[in-house]
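Following: one structure in structure tokens, then a few remarks.
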Amino acid sequence: EAQVTQNPRYLITVTGKKLTVTCSQNMNHEYMSWYRQDPGLGLRQIYYSMNVEVTDKGDVPEGYKVSRKEKRNFPLILESPSPNQTSLYFCASSLVAGAGQPQHFGDGTRLSIL
Amino acid sequence: QKEVEQNSGPLSVPEGAIASLNCTYSDRVSQSFFWYRQYSGKSPELIMSIYSNGDKEDGRFTAQLNKASQYVSLLIRDSQPSDSATYLCAVLYTGGFKTIFGAGTRLFVKA
């Protein structure tokens with residue numbers, strides 16, 4: 001089944017404790033992206049990647065890191081999480097970048113930073 | 001700063017009516033436009049995409065794009081209670097490959 005898989009689905013942690021949210025897609029997609037969704041603000045893009053080893057900042061990259069060492073994986077890293085990073089996070093992928101391809105979303109990861 | 005604006009709603013329509021959802025965007029250098037539906041607690045799923053001025057129809061859904069007015073809309077005909085969800089407008093910008101989402105419009109279809 002074609003899908004984008006995020007883990008964990010839920011995480012409660014404390015300020016300053018490094019965490020990684022994994023994202024993997026099995027569709028051979030080139031383009032991958034991370035979003036956070038907060039009430040009233042919609043989806044805001046954190047980082048995106050057009051292909052392996054090519055990443056760029058979205059609108060809200062502060063406090064986050066990403067890497068794209070393999071085509072299928074695009075982990076989101078919070079080196080020193082803070083309470084303002086409490087949010088619902090979505091990973092998404094599309095076949096190629098910039099060609100109007102729709103994005104396929106994972107099921108989301110709900111992070112709570114205490 | 002690129003922006004995508006949507007009326008947050010809620011928009012309430014009776015079953016069988018036409019629901020009209022609107023979206024405006026701020027930057028003329030835009031490439032592709034998407035409507036996603038998001039049920040509460042779920043991830044967004046694609047409803048329609050549109051790239052050229054005019055109308056695009058798919059079943060009960062029609063997307064309309066007017067680049068001169070920087071306006072994109074979604075019409076849902078014969079609305080059903082199962083259409084009750086939040087509808088997200090998304091704009092893919094040329095060059096940077098960034099995607100900007102609107103905050104979404106909540107739609108309620110009353111049986």
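A note on labels: chains of the structure tokens are A, B, ... as shown, every chain counts residues from 1, and ligands are counted from 1 in their shown order.
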**Request:** Using only C-alpha atoms, select each residue of chain B with any atom at most 6 Å away from an atom of chain A, and give the selection as a ChimeraX atom specification.
**Result:** /B:32,43,97,101,103
Store the residues picked out above in a file with all heavy atoms, as a short mmCIF file (atom, residue, chain, number, x, y, z; two decimals), in the first residue's frame.
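As a result, result33.cif now contains:
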data_model
loop_
_atom_site.label_atom_id
_atom_site.label_comp_id
_atom_site.auth_asym_id
_atom_site.auth_seq_id
_atom_site.Cartn_x
_atom_site.Cartn_y
_atom_site.Cartn_z
N SER B 32 0.63 26.38 -8.93
CA SER B 32 -0.41 25.36 -8.84
C SER B 32 -1.25 25.61 -7.60
O SER B 32 -0.75 26.12 -6.60
CB SER B 32 0.21 23.96 -8.75
OG SER B 32 1.16 23.77 -9.77
N SER B 43 -5.51 13.39 8.60
CA SER B 43 -4.59 14.14 7.75
C SER B 43 -5.32 14.70 6.53
O SER B 43 -6.37 14.19 6.14
CB SER B 43 -3.44 13.23 7.32
OG SER B 43 -3.92 12.11 6.65
N PHE B 97 9.52 26.32 -4.70
CA PHE B 97 8.82 25.08 -4.42
C PHE B 97 8.19 25.05 -3.04
O PHE B 97 7.91 23.99 -2.50
CB PHE B 97 9.74 23.87 -4.60
CG PHE B 97 10.41 23.85 -5.94
CD1 PHE B 97 11.78 24.04 -6.05
CD2 PHE B 97 9.67 23.67 -7.09
CE1 PHE B 97 12.39 24.05 -7.29
CE2 PHE B 97 10.28 23.67 -8.33
CZ PHE B 97 11.65 23.87 -8.42
N PHE B 101 -0.31 27.11 2.80
CA PHE B 101 -1.69 26.70 3.05
C PHE B 101 -2.47 27.85 3.68
O PHE B 101 -1.93 28.61 4.51
CB PHE B 101 -1.74 25.51 3.99
CG PHE B 101 -1.48 24.18 3.36
CD1 PHE B 101 -0.18 23.77 3.08
CD2 PHE B 101 -2.52 23.34 3.03
CE1 PHE B 101 0.07 22.54 2.48
CE2 PHE B 101 -2.29 22.11 2.44
CZ PHE B 101 -0.99 21.72 2.16
N ALA B 103 -5.63 28.88 6.29
CA ALA B 103 -5.97 28.34 7.61
C ALA B 103 -7.15 27.38 7.56
O ALA B 103 -7.41 26.67 8.53
CB ALA B 103 -6.24 29.48 8.58
#
**Message:** Could you tell me how far CA of Ser94 in chain A sits from CA of Val4 in chain B, in Å to one decimal place?
**Reply:**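 So the two atoms, CA of Val4 in chain B and CA of Ser94 in chain A, lie 20.7 Å apart.
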Can you pull out the residues contacting Asn84 in chain A? Cut-off 10 Å, using only C-alpha atoms, and skip same-chain residues under 4 positions away; I want them as an mmCIF file with N, CA, C and O atoms, in the first residue's frame.
data_model
loop_
_atom_site.group_PDB
_atom_site.id
_atom_site.type_symbol
_atom_site.label_atom_id
_atom_site.label_comp_id
_atom_site.auth_asym_id
_atom_site.auth_seq_id
_atom_site.Cartn_x
_atom_site.Cartn_y
_atom_site.Cartn_z
ATOM 1 N N THR A 15 11.034 19.839 28.020
ATOM 2 C CA THR A 15 11.876 20.853 27.401
ATOM 3 C C THR A 15 13.333 20.426 27.401
ATOM 4 O O THR A 15 13.851 19.943 28.414
ATOM 5 N N GLY A 63 14.340 26.183 15.187
ATOM 6 C CA GLY A 63 14.230 25.149 16.211
ATOM 7 C C GLY A 63 14.143 23.737 15.659
ATOM 8 O O GLY A 63 14.040 22.785 16.430
ATOM 9 N N SER A 112 3.740 16.980 22.451
ATOM 10 C CA SER A 112 3.507 17.873 23.598
ATOM 11 C C SER A 112 4.824 18.042 24.320
ATOM 12 O O SER A 112 5.432 17.055 24.769
ATOM 13 N N ILE A 113 5.289 19.286 24.420
ATOM 14 C CA ILE A 113 6.555 19.606 25.079
ATOM 15 C C ILE A 113 6.229 20.313 26.396
ATOM 16 O O ILE A 113 5.670 21.404 26.396
ATOM 17 N N LEU A 114 6.568 19.688 27.501
ATOM 18 C CA LEU A 114 6.213 20.252 28.811
ATOM 19 C C LEU A 114 7.349 21.082 29.402
ATOM 20 O O LEU A 114 8.526 20.845 29.074
#
**Request:** Would you mind listing what lies within 6 Å of Leu78 in chain A as a list of chain:residue names, with only C-alpha atoms counted and same-chain residues fewer than 4 positions away left out?
**Result:** A:Lys18, A:Leu19, A:Tyr64
**Prompt:** Which polymer residues have any atom within 7 Å of an atom of Gly16 in chain B, counting only C-alpha atoms, with same-chain residues fewer than 3 positions away left out, as a list in words?
**Reply:**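 Surrounding residues, per the criterion: Asp78, Ser79 and Gln80 of chain B.
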